[in-house]
$ cat protein_30.txt   # compact mmCIF, C-alpha atoms
# COMPACT_ATOMS: atom_id res chain seq x y z
CA MET A 691 0.47 -58.32 -36.58
CA GLY A 692 4.22 -58.29 -37.16
CA ARG A 693 4.71 -60.15 -33.89
CA ILE A 694 2.73 -63.15 -35.13
CA ALA A 695 3.79 -63.06 -38.80
CA GLY A 696 6.30 -65.89 -38.31
CA ARG A 697 3.55 -68.26 -37.19
CA PHE A 698 2.22 -68.52 -40.76
CA VAL A 699 4.05 -70.58 -43.35
CA ARG A 700 2.41 -68.85 -46.32
CA VAL A 701 1.66 -65.20 -46.96
CA GLU A 702 -2.02 -65.82 -47.83
CA PRO A 703 -3.17 -66.96 -44.35
CA ARG A 704 -1.08 -64.21 -42.79
CA ARG A 705 -2.93 -61.61 -44.83
CA ARG A 706 -6.25 -63.29 -44.05
CA ALA A 707 -5.46 -63.19 -40.33
CA ARG A 708 -4.73 -59.47 -40.56
CA ALA A 709 -7.99 -58.90 -42.41
CA LEU A 710 -9.92 -60.90 -39.80
CA VAL A 711 -8.37 -58.95 -36.92
CA LEU A 712 -9.19 -55.65 -38.66
CA GLY A 713 -12.75 -56.88 -38.99
CA LEU A 714 -12.90 -57.83 -35.32
CA LEU A 715 -11.71 -54.31 -34.46
CA SER A 716 -14.44 -52.76 -36.60
CA ASP A 717 -17.77 -51.43 -35.34
CA LEU A 718 -19.86 -54.01 -37.20
CA PRO A 719 -23.03 -54.90 -35.25
CA ARG A 720 -22.45 -58.64 -35.96
CA LYS A 721 -19.09 -60.28 -36.55
CA ASN A 722 -18.84 -63.58 -38.39
CA CYS A 723 -17.05 -64.75 -41.53
CA TRP A 724 -19.78 -63.35 -43.80
CA THR A 725 -19.89 -59.85 -42.32
CA LEU A 726 -16.12 -59.64 -41.83
CA ALA A 727 -15.37 -60.74 -45.39
CA GLU A 728 -17.74 -58.11 -46.80
CA HIS A 729 -16.23 -55.48 -44.50
CA VAL A 730 -12.62 -56.09 -45.58
CA GLY A 731 -13.47 -56.28 -49.30
CA ASP A 732 -13.48 -60.02 -50.05
CA ALA A 733 -15.93 -61.34 -52.62
CA ASN A 734 -17.07 -64.22 -50.38
CA PRO A 735 -16.30 -65.68 -46.92
CA TYR A 736 -14.40 -68.74 -48.17
CA GLY A 737 -10.95 -67.26 -47.51
CA LEU A 738 -11.69 -66.46 -43.85
CA GLN A 739 -13.39 -69.83 -43.38
CA HIS A 740 -10.30 -71.55 -44.79
CA LEU A 741 -8.10 -69.57 -42.38
CA LEU A 742 -10.13 -70.80 -39.41
CA SER A 743 -10.50 -74.42 -40.47
CA ARG A 744 -7.85 -75.75 -42.87
CA ALA A 745 -4.96 -73.29 -43.27
CA LYS A 746 -1.65 -74.31 -41.68
CA TRP A 747 -0.82 -72.18 -38.64
CA ASP A 748 -0.52 -72.77 -34.91
CA ALA A 749 -3.09 -70.94 -32.77
CA ASP A 750 -1.27 -71.94 -29.57
CA ALA A 751 1.92 -70.30 -30.81
CA VAL A 752 -0.03 -67.11 -31.56
CA ARG A 753 -1.51 -67.36 -28.05
CA ASP A 754 2.03 -67.38 -26.66
CA ASP A 755 2.83 -64.26 -28.71
CA ILE A 756 -0.25 -62.54 -27.30
CA ARG A 757 0.85 -63.39 -23.77
CA GLY A 758 4.29 -61.89 -24.42
CA PHE A 759 2.76 -58.78 -26.01
CA VAL A 760 0.39 -58.16 -23.09
CA VAL A 761 2.94 -58.82 -20.36
CA GLU A 762 5.57 -56.65 -22.08
CA HIS A 763 3.30 -53.61 -22.21
CA LEU A 764 1.25 -54.06 -19.03
CA HIS A 765 4.07 -55.38 -16.81
CA HIS A 766 3.75 -54.24 -13.19
CA GLU A 767 5.01 -55.51 -9.85
CA ASP A 768 1.39 -55.83 -8.65
CA ALA A 769 0.37 -58.19 -11.47
CA VAL A 770 -2.39 -60.71 -10.70
CA LEU A 771 -3.41 -63.74 -12.75
CA VAL A 772 -7.22 -64.06 -12.76
CA VAL A 773 -9.04 -67.24 -13.80
CA ASP A 774 -12.70 -67.39 -14.71
CA GLU A 775 -15.06 -69.04 -17.16
CA THR A 776 -17.64 -67.53 -19.46
CA GLY A 777 -20.39 -69.10 -21.54
CA ASP A 778 -21.68 -68.42 -25.03
CA LEU A 779 -25.30 -69.32 -25.74
CA LYS A 780 -25.62 -71.68 -28.71
CA LYS A 781 -28.37 -73.48 -30.61
CA GLY A 782 -28.30 -77.14 -31.59
CA THR A 783 -25.97 -79.86 -30.36
CA GLY A 784 -23.27 -80.03 -33.05
CA THR A 785 -21.04 -77.12 -31.95
CA VAL A 786 -17.98 -78.35 -30.06
CA GLY A 787 -18.52 -78.51 -26.28
CA VAL A 788 -22.17 -77.42 -26.34
CA GLN A 789 -24.64 -78.90 -23.90
CA ARG A 790 -27.26 -77.69 -21.44
CA GLN A 791 -25.20 -76.35 -18.55
CA TYR A 792 -25.08 -73.42 -16.16
CA THR A 793 -23.54 -70.26 -17.53
CA GLY A 794 -23.17 -66.94 -15.77
CA THR A 795 -23.83 -65.19 -19.09
CA ALA A 796 -27.49 -66.17 -18.81
CA GLY A 797 -27.55 -66.73 -15.04
CA ARG A 798 -29.22 -70.11 -15.50
CA ILE A 799 -28.89 -73.48 -17.23
CA GLU A 800 -28.94 -72.98 -21.00
CA ASN A 801 -27.65 -74.64 -24.15
CA SER A 802 -24.18 -73.14 -24.14
CA GLN A 803 -20.47 -73.50 -24.75
CA VAL A 804 -18.17 -72.73 -21.79
CA ALA A 805 -14.50 -71.79 -21.83
CA VAL A 806 -12.01 -70.95 -19.06
CA TYR A 807 -9.76 -67.91 -19.53
CA LEU A 808 -6.65 -66.59 -17.81
CA ALA A 809 -6.34 -62.80 -17.62
CA TYR A 810 -3.25 -60.77 -16.81
CA SER A 811 -4.36 -57.88 -14.61
CA THR A 812 -2.29 -54.91 -13.46
CA PRO A 813 -3.03 -51.28 -12.57
CA LEU A 814 -2.13 -50.44 -16.19
CA GLY A 815 -4.79 -52.68 -17.74
CA HIS A 816 -6.00 -56.23 -18.15
CA ALA A 817 -6.41 -58.68 -21.02
CA ALA A 818 -6.86 -62.40 -21.59
CA ILE A 819 -3.60 -64.27 -22.23
CA ASP A 820 -4.82 -67.88 -22.41
CA ARG A 821 -7.95 -69.94 -23.04
CA GLU A 822 -9.14 -73.51 -22.64
CA LEU A 823 -12.41 -74.87 -24.02
CA TYR A 824 -14.37 -76.92 -21.47
CA ILE A 825 -15.48 -80.25 -22.95
CA PRO A 826 -18.25 -81.83 -20.83
CA ARG A 827 -18.23 -85.51 -19.91
CA SER A 828 -21.24 -86.08 -22.20
CA TRP A 829 -18.89 -85.27 -25.08
CA THR A 830 -15.78 -87.16 -23.99
CA GLU A 831 -17.85 -90.33 -23.51
CA ASP A 832 -19.09 -90.10 -27.12
CA THR A 833 -16.12 -90.82 -29.40
CA ALA A 834 -18.03 -90.35 -32.63
CA ARG A 835 -19.31 -86.95 -31.53
CA CYS A 836 -15.79 -85.81 -30.59
CA GLN A 837 -14.39 -86.98 -33.93
CA ALA A 838 -17.13 -85.14 -35.82
CA ALA A 839 -16.17 -81.91 -34.01
CA GLY A 840 -12.46 -82.43 -34.63
CA ILE A 841 -11.54 -82.87 -30.96
CA PRO A 842 -8.10 -84.55 -30.72
CA ASP A 843 -8.01 -88.08 -29.34
CA THR A 844 -5.71 -86.88 -26.55
CA VAL A 845 -8.40 -84.59 -25.10
CA GLY A 846 -10.33 -86.16 -22.24
CA PHE A 847 -12.70 -84.83 -19.64
CA THR A 848 -10.99 -82.14 -17.57
CA THR A 849 -12.54 -80.01 -14.83
CA LYS A 850 -12.46 -76.24 -14.96
CA PRO A 851 -9.98 -75.93 -12.02
CA VAL A 852 -7.60 -78.33 -13.79
CA LEU A 853 -7.88 -76.25 -16.96
CA ALA A 854 -7.13 -73.15 -14.87
CA ALA A 855 -4.08 -74.81 -13.28
CA ARG A 856 -2.83 -75.78 -16.74
CA MET A 857 -2.99 -72.18 -17.96
CA ILE A 858 -1.37 -70.79 -14.81
CA ASP A 859 1.50 -73.27 -15.17
CA ARG A 860 1.98 -72.26 -18.80
CA ALA A 861 2.16 -68.58 -17.88
CA LEU A 862 4.57 -69.08 -14.97
CA ASP A 863 6.75 -71.49 -16.96
CA ALA A 864 6.96 -68.87 -19.72
CA GLY A 865 8.41 -66.38 -17.23
CA VAL A 866 5.33 -64.30 -16.45
CA LEU A 867 6.02 -62.55 -13.15
CA ALA A 868 2.87 -62.66 -11.03
CA SER A 869 2.80 -63.24 -7.29
CA TRP A 870 -0.95 -63.71 -6.98
CA VAL A 871 -3.86 -65.65 -8.47
CA ALA A 872 -7.52 -64.70 -8.02
CA GLY A 873 -10.68 -66.59 -8.92
CA ASP A 874 -14.27 -67.30 -7.93
CA GLU A 875 -15.82 -70.15 -5.94
CA VAL A 876 -15.37 -72.75 -8.69
CA TYR A 877 -11.61 -72.46 -8.18
CA GLY A 878 -11.50 -71.63 -4.47
CA ALA A 879 -13.35 -74.82 -3.59
CA ASN A 880 -10.83 -77.02 -5.40
CA PRO A 881 -8.07 -78.27 -3.04
CA HIS A 882 -5.90 -79.56 -5.92
CA LEU A 883 -5.63 -76.11 -7.48
CA ARG A 884 -4.82 -74.54 -4.13
CA THR A 885 -2.15 -77.16 -3.43
CA ALA A 886 -0.59 -76.67 -6.87
CA LEU A 887 -0.29 -72.91 -6.27
CA GLU A 888 1.17 -73.44 -2.82
CA LYS A 889 3.84 -75.77 -4.23
CA ARG A 890 4.91 -72.96 -6.54
CA GLN A 891 4.68 -70.47 -3.65
CA VAL A 892 2.22 -68.38 -5.62
CA GLY A 893 -0.20 -66.51 -3.39
CA TYR A 894 -3.92 -66.72 -4.01
CA VAL A 895 -7.17 -65.06 -2.99
CA LEU A 896 -9.90 -67.44 -4.14
CA ALA A 897 -13.59 -67.03 -3.34
CA VAL A 898 -15.35 -69.80 -1.40
CA ALA A 899 -18.96 -70.46 -0.44
CA ARG A 900 -20.44 -69.49 2.90
CA ASP A 901 -20.62 -73.17 3.92
CA HIS A 902 -16.93 -73.76 3.13
CA GLN A 903 -15.29 -75.66 6.00
CA ILE A 904 -12.51 -73.79 7.78
CA THR A 905 -10.10 -75.56 10.16
CA THR A 906 -9.39 -73.58 13.31
CA ARG A 907 -7.76 -74.44 16.62
CA ALA A 908 -11.30 -74.92 17.98
CA GLY A 909 -12.17 -77.41 15.22
CA LYS A 910 -13.85 -77.16 11.84
CA LEU A 911 -16.37 -74.37 11.29
CA ARG A 912 -18.39 -73.09 8.38
CA ALA A 913 -17.08 -69.80 7.02
CA ASP A 914 -20.26 -67.94 7.95
CA THR A 915 -20.17 -69.44 11.46
CA LEU A 916 -16.58 -68.31 11.96
CA VAL A 917 -17.51 -64.76 10.97
CA ARG A 918 -20.02 -64.50 13.82
CA LYS A 919 -17.20 -65.17 16.29
CA LEU A 920 -15.07 -62.26 15.06
CA PRO A 921 -14.89 -59.23 17.38
CA LYS A 922 -16.20 -55.88 16.18
CA GLN A 923 -12.71 -54.40 16.03
CA ALA A 924 -11.63 -57.06 13.53
CA TRP A 925 -13.38 -55.18 10.72
CA GLN A 926 -11.65 -52.49 8.68
CA LYS A 927 -13.02 -50.21 5.98
CA LEU A 928 -10.88 -50.57 2.85
CA SER A 929 -11.31 -49.96 -0.87
CA ALA A 930 -11.34 -52.94 -3.24
CA GLY A 931 -10.28 -50.62 -6.06
CA ALA A 932 -11.77 -47.86 -8.15
CA GLY A 933 -14.98 -48.56 -10.01
CA ALA A 934 -17.03 -46.57 -12.52
CA LYS A 935 -18.52 -44.48 -9.69
CA GLY A 936 -15.45 -44.14 -7.47
CA HIS A 937 -13.75 -46.36 -4.91
CA ARG A 938 -15.55 -49.55 -3.87
CA PHE A 939 -15.44 -49.46 -0.08
CA TYR A 940 -16.29 -52.55 2.01
CA ASP A 941 -15.67 -53.75 5.53
CA TRP A 942 -13.00 -56.48 5.67
CA ALA A 943 -11.91 -58.96 8.33
CA LEU A 944 -9.24 -61.65 8.45
CA ALA A 945 -9.12 -64.94 10.38
CA ASP A 946 -6.27 -67.44 10.57
CA ILE A 947 -6.72 -71.00 9.26
CA ALA A 948 -4.99 -73.76 11.20
CA ASP A 949 -2.72 -75.49 8.68
CA ASP A 950 0.55 -77.36 9.23
CA ARG A 951 1.81 -76.70 5.71
CA PRO A 952 4.32 -73.88 5.04
CA GLY A 953 3.04 -70.38 4.43
CA HIS A 954 0.18 -68.33 5.81
CA HIS A 955 -3.41 -69.58 5.36
CA GLN A 956 -6.27 -67.20 6.13
CA LEU A 957 -9.96 -66.56 5.57
CA LEU A 958 -10.75 -63.10 4.19
CA VAL A 959 -14.30 -61.81 4.67
CA ARG A 960 -15.91 -58.92 2.82
CA ARG A 961 -19.03 -57.20 4.16
CA ASN A 962 -21.16 -54.83 2.11
CA ARG A 963 -21.50 -51.60 4.09
CA ARG A 964 -25.07 -51.04 2.90
CA THR A 965 -26.65 -54.52 2.81
CA ASP A 966 -24.34 -56.46 5.20
CA GLU A 967 -23.99 -59.14 2.49
CA LEU A 968 -20.91 -61.31 3.08
CA ALA A 969 -18.35 -62.77 0.67
CA PHE A 970 -15.58 -65.19 1.65
CA TYR A 971 -12.09 -65.78 0.27
CA ARG A 972 -9.55 -68.46 1.04
CA CYS A 973 -6.06 -66.91 1.04
CA TYR A 974 -2.48 -68.15 0.97
CA SER A 975 0.83 -66.32 0.91
CA ALA A 976 4.36 -67.65 1.29
CA THR A 977 5.19 -64.74 3.63
CA GLN A 978 3.04 -62.60 5.89
CA VAL A 979 1.24 -59.83 3.99
CA PRO A 980 -0.99 -57.01 5.27
CA LEU A 981 -4.77 -57.08 4.97
CA SER A 982 -4.62 -54.29 2.37
CA THR A 983 -2.67 -56.55 -0.02
CA LEU A 984 -5.25 -59.33 0.18
CA VAL A 985 -8.03 -56.79 -0.36
CA ARG A 986 -6.25 -55.43 -3.43
CA VAL A 987 -5.97 -58.91 -4.95
CA ALA A 988 -9.60 -59.73 -4.14
CA GLY A 989 -10.71 -56.52 -5.84
CA ARG A 990 -8.65 -57.31 -8.93
CA ARG A 991 -10.71 -60.42 -9.65
CA TRP A 992 -13.49 -58.28 -11.11
CA THR A 993 -11.22 -57.11 -13.92
CA VAL A 994 -11.75 -60.44 -15.69
CA GLU A 995 -15.46 -59.58 -15.94
CA GLU A 996 -14.49 -56.31 -17.61
CA THR A 997 -12.18 -58.28 -19.92
CA PHE A 998 -15.08 -60.52 -20.97
CA GLN A 999 -17.41 -57.56 -21.45
CA SER A 1000 -15.02 -55.58 -23.66
CA GLY A 1001 -13.68 -58.67 -25.43
CA LYS A 1002 -17.19 -59.67 -26.43
CA GLY A 1003 -18.52 -56.18 -27.05
CA LEU A 1004 -15.54 -54.81 -28.99
CA ALA A 1005 -13.65 -57.78 -30.44
CA GLY A 1006 -16.35 -60.37 -31.16
CA LEU A 1007 -15.00 -62.91 -28.68
CA ASP A 1008 -18.40 -64.63 -28.44
CA GLU A 1009 -19.72 -64.03 -31.97
CA HIS A 1010 -18.00 -66.94 -33.69
CA GLN A 1011 -20.25 -69.17 -35.77
CA VAL A 1012 -17.84 -72.09 -35.93
CA ARG A 1013 -18.51 -75.67 -34.91
CA ARG A 1014 -15.17 -77.46 -34.71
CA TRP A 1015 -12.28 -77.59 -32.21
CA THR A 1016 -9.63 -75.99 -34.42
CA SER A 1017 -11.89 -73.21 -35.69
CA TRP A 1018 -12.95 -72.26 -32.16
CA HIS A 1019 -9.36 -71.96 -30.93
CA ARG A 1020 -8.33 -69.89 -33.94
CA TRP A 1021 -11.26 -67.47 -33.75
CA VAL A 1022 -10.92 -66.95 -30.00
CA THR A 1023 -7.15 -66.47 -30.24
CA LEU A 1024 -7.45 -63.76 -32.89
CA ALA A 1025 -10.24 -62.09 -30.89
CA MET A 1026 -7.92 -62.08 -27.87
CA LEU A 1027 -5.27 -60.42 -30.05
CA ALA A 1028 -7.71 -57.73 -31.19
CA HIS A 1029 -8.73 -56.98 -27.62
CA ALA A 1030 -5.11 -57.01 -26.42
CA PHE A 1031 -4.30 -54.39 -29.08
CA LEU A 1032 -6.99 -52.06 -27.72
CA THR A 1033 -5.88 -52.63 -24.13
CA VAL A 1034 -2.21 -51.95 -24.86
CA VAL A 1035 -2.96 -48.81 -26.89
CA ARG A 1036 -5.13 -47.56 -24.04
CA ALA A 1037 -2.36 -48.17 -21.48
CA ASP A 1038 0.19 -46.45 -23.73
CA GLU A 1039 -2.05 -43.42 -24.25
CA HIS A 1040 -2.66 -43.09 -20.52
CA ALA A 1041 1.06 -43.28 -19.77
CA ARG A 1042 2.30 -40.89 -22.47
CA ARG A 1043 -0.61 -38.51 -23.00
CA PRO A 1044 -2.84 -38.14 -19.94
CA GLY A 1045 -5.98 -36.24 -20.89
CA PRO A 1046 -7.02 -32.78 -19.64
CA ASP A 1047 -8.88 -32.54 -16.37
CA LYS A 1048 -12.23 -32.06 -18.11
CA LEU A 1049 -11.92 -35.26 -20.17
CA ILE A 1050 -12.04 -38.83 -18.96
CA PRO A 1051 -9.07 -40.94 -20.12
CA LEU A 1052 -9.43 -42.71 -23.46
CA THR A 1053 -11.41 -45.91 -23.22
CA CYS A 1054 -11.07 -49.05 -25.36
CA ASN A 1055 -14.41 -48.12 -26.99
CA GLU A 1056 -13.15 -44.68 -27.99
CA ILE A 1057 -9.81 -46.06 -29.20
CA GLN A 1058 -11.64 -48.57 -31.40
CA HIS A 1059 -13.78 -45.78 -32.86
CA LEU A 1060 -10.80 -43.51 -33.55
CA PHE A 1061 -8.75 -46.37 -34.99
CA ASN A 1062 -11.46 -47.18 -37.53
CA MET A 1063 -12.21 -43.56 -38.42
CA LEU A 1064 -8.62 -42.24 -38.63
CA VAL A 1065 -6.43 -45.25 -39.46
CA VAL A 1066 -8.39 -48.00 -41.22
CA ARG A 1067 -11.03 -46.04 -43.17
CA LEU A 1068 -12.22 -48.95 -45.33
CA VAL A 1069 -14.65 -47.69 -47.98
CA HIS A 1070 -16.37 -50.00 -50.48
CA GLY A 1071 -18.58 -48.89 -53.33
CA ALA A 1072 -22.15 -49.80 -54.19
CA THR A 1073 -21.04 -52.56 -56.58
CA HIS A 1074 -19.27 -54.44 -53.77
CA ARG A 1075 -22.33 -54.14 -51.52
CA LEU A 1076 -24.72 -55.34 -54.24
CA ASP A 1077 -22.45 -58.27 -55.15
CA TRP A 1078 -22.56 -59.35 -51.51
CA SER A 1079 -26.35 -59.05 -51.42
CA HIS A 1080 -26.56 -61.36 -54.46
CA TRP A 1081 -24.06 -63.82 -52.94
CA ARG A 1082 -26.00 -64.03 -49.65
CA ARG A 1083 -29.30 -64.61 -51.44
CA ARG A 1084 -27.83 -67.32 -53.70
CA HIS A 1085 -26.28 -69.07 -50.68
CA GLN A 1086 -29.52 -68.85 -48.72
CA ALA A 1087 -31.50 -70.17 -51.70
CA ARG A 1088 -29.22 -73.22 -51.94
CA ALA A 1089 -29.49 -73.80 -48.20
CA GLN A 1090 -33.28 -73.53 -48.37
CA ALA A 1091 -33.48 -76.00 -51.27
CA SER A 1092 -31.19 -78.44 -49.44
CA HIS A 1093 -33.34 -78.18 -46.32
CA TYR A 1094 -36.51 -78.93 -48.30
CA GLN A 1095 -34.84 -81.93 -49.98
CA ARG A 1096 -33.83 -83.38 -46.59
CA GLN A 1097 -37.38 -82.92 -45.30
CA ALA A 1098 -38.81 -84.66 -48.36
CA ALA A 1099 -36.36 -87.56 -47.99
CA GLN A 1100 -37.32 -88.02 -44.32
CA THR A 1101 -41.03 -88.11 -45.07
$ encode --input "protein_30.txt" --output "structure tokens"
Amino acid sequence: MGRIAGRFVRVEPRRRARALVLGLLSDLPRKNCWTLAEHVGDANPYGLQHLLSRAKWDADAVRDDIRGFVVEHLHHEDAVLVVDETGDLKKGTGTVGVQRQYTGTAGRIENSQVAVYLAYSTPLGHAAIDRELYIPRSWTEDTARCQAAGIPDTVGFTTKPVLAARMIDRALDAGVLASWVAGDEVYGANPHLRTALEKRQVGYVLAVARDHQITTRAGKLRADTLVRKLPKQAWQKLSAGAGAKGHRFYDWALADIADDRPGHHQLLVRRNRRTDELAFYRCYSATQVPLSTLVRVAGRRWTVEETFQSGKGLAGLDEHQVRRWTSWHRWVTLAMLAHAFLTVVRADEHARRPGPDKLIPLTCNEIQHLFNMLVVRLVHGATHRLDWSHWRRRHQARAQASHYQRQAAQT
């Protein structure tokens, strides 16, 4: 928290931010302003709500501090920047950016809010270092709706690949040393993102669909058609990295893409050794690299899924109950900070105190548990708990009465 202290003009919001982060690091089953305020000892949630909505502090500046904190502690020559989006299921239509849209969280079209994240991934660990909220065209074409949600007038419709490129540029311009970018088909299919990375001579391994058109010396072919022309000896068994049950071995093959632009352009193909299922990746590198390097980068993409899982499960990344632009950015930024803390502590523990052979290394889950039991140890008496029960019931009674009054006025 000392790293971000200078981002707050007054001491009160700085203390509130610390309390909110402590709450996000707790083991509460639900994390919102009500539960967090009760957990940290406040009499009501108004202080935390003020921090998220009206207090004067810059969430983007805190985001930059988080990026510096993560890169400083997880720095590695094999660093990869991973872009991906995740959705949070929401009810109603008033929450900023919400509409019926596809989200991988549900695996189908649902009423949801989608954001694009940039993760910094190394063998030491991985954490989110940037975020951009996706605002659908249905929102940007409705000025009144945007104003009601506090969206700045300068924000227009922007595609997810453009949001990804914006975050990558910010990281590289800030001096983050990363030679590779990885992402899924949403980003691999976008030629503007690929061109932007090539101009900066940043290598990429981006997933593409099976019907993605590949230019070869024999003409244009679908990716899955090109695979059928590869000889048997083109395939190599390589690990995409260690998973929960050991190394993830696949068969891999590489085919050159005919391209007059500088650098090396290739199609990487992954084949499941059990089901023969294929996955395709469009690759670029400024200099020739071995197949094993491309496989390593492709395997690193899955770390962003682990980042989402632990960020949501441990730090409340998706549990915000805020509606407006500013509040969303502030909640998500502080949740990223909480998760980055767990990730950095885990990396430090692994480096300085490797566990005995009969114990698995400390996980972020275990670190969170130990941190709350041994360091924080917040204990509140029965009076505090009963006062909160009375406050909740009074608030709910007022909300119920207001709802009935609106219904009566409508009828």
$ closest_residue --input "protein_30.txt" --among "A:Gln837, A:Asn722, A:Leu712, A:Thr1033" --to "Leu742 of chain A" --atoms "only C-alpha atoms"
A:Asn722
$ residues_around --input "protein_30.txt" --residues "segment 817-823 of chain A" --least-positions-apart "6" --cutoff "7 Å" --atoms "only C-alpha atoms" --output "list of chain:residue names"
A:Arg753, A:Ile756, A:Arg757, A:Val804, A:Ala805, A:Val806, A:Tyr807, A:Leu808, A:Ala809, A:Tyr810, A:Ser811, A:Leu853, A:Met857, A:Thr997, A:Met1026, A:Ala1030, A:Thr1033
$ residues_near_point --input "protein_30.txt" --point "(-2.3, -54.0, 2.0)" --cutoff "12 Å" --atoms "all atoms listed in the file" --output "NGL selection string"
:A and (768 or 926 or 928-931 or 942 or 978-989)
$ residues_around --input "protein_30.txt" --residues "Val788 of chain A" --least-positions-apart "5" --cutoff "7 Å" --atoms "only C-alpha atoms" --output "PyMOL selection string"
chain A and resi 783+801-803
$ closest_residue --input "protein_30.txt" --among "A:Arg884, A:Arg827, A:Arg835, A:His763" --to "Val852 of chain A" --atoms "all atoms listed in the file"
A:Arg884
$ build_atoms --input "protein_30.txt" --residues "segment 842-847 of chain A" --atoms "all heavy atoms" --output "CSV table (one decimal), in the coordinates of the input"
chain,number,residue,atom,x,y,z
A,842,PRO,N,-9.2,-83.6,-30.7
A,842,PRO,CA,-8.1,-84.6,-30.7
A,842,PRO,C,-8.4,-85.7,-29.8
A,842,PRO,O,-9.0,-85.6,-28.7
A,842,PRO,CB,-6.9,-83.7,-30.3
A,842,PRO,CG,-7.2,-82.3,-30.6
A,842,PRO,CD,-8.7,-82.2,-30.3
A,843,ASP,N,-7.8,-86.9,-30.2
A,843,ASP,CA,-8.0,-88.1,-29.3
A,843,ASP,C,-7.4,-87.9,-28.0
A,843,ASP,O,-7.8,-88.6,-27.0
A,843,ASP,CB,-7.4,-89.3,-30.1
A,843,ASP,CG,-8.1,-89.6,-31.4
A,843,ASP,OD1,-9.3,-89.2,-31.5
A,843,ASP,OD2,-7.5,-90.3,-32.2
A,844,THR,N,-6.4,-87.1,-27.8
A,844,THR,CA,-5.7,-86.9,-26.6
A,844,THR,C,-6.5,-86.1,-25.5
A,844,THR,O,-6.1,-86.0,-24.4
A,844,THR,CB,-4.4,-86.2,-26.8
A,844,THR,OG1,-4.6,-85.0,-27.5
A,844,THR,CG2,-3.4,-87.1,-27.6
A,845,VAL,N,-7.6,-85.4,-26.0
A,845,VAL,CA,-8.4,-84.6,-25.1
A,845,VAL,C,-9.4,-85.4,-24.4
A,845,VAL,O,-10.3,-86.1,-25.0
A,845,VAL,CB,-9.1,-83.5,-25.9
A,845,VAL,CG1,-10.0,-82.7,-25.0
A,845,VAL,CG2,-8.1,-82.6,-26.5
A,846,GLY,N,-9.3,-85.5,-23.1
A,846,GLY,CA,-10.3,-86.2,-22.2
A,846,GLY,C,-11.1,-85.2,-21.3
A,846,GLY,O,-10.8,-84.0,-21.4
A,847,PHE,N,-12.0,-85.7,-20.5
A,847,PHE,CA,-12.7,-84.8,-19.6
A,847,PHE,C,-11.8,-84.2,-18.6
A,847,PHE,O,-11.0,-84.9,-18.0
A,847,PHE,CB,-13.8,-85.6,-18.9
A,847,PHE,CG,-14.5,-84.8,-17.9
A,847,PHE,CD1,-15.4,-83.7,-18.3
A,847,PHE,CD2,-14.3,-84.9,-16.5
A,847,PHE,CE1,-16.0,-82.9,-17.3
A,847,PHE,CE2,-14.9,-84.2,-15.6
A,847,PHE,CZ,-15.8,-83.2,-16.0
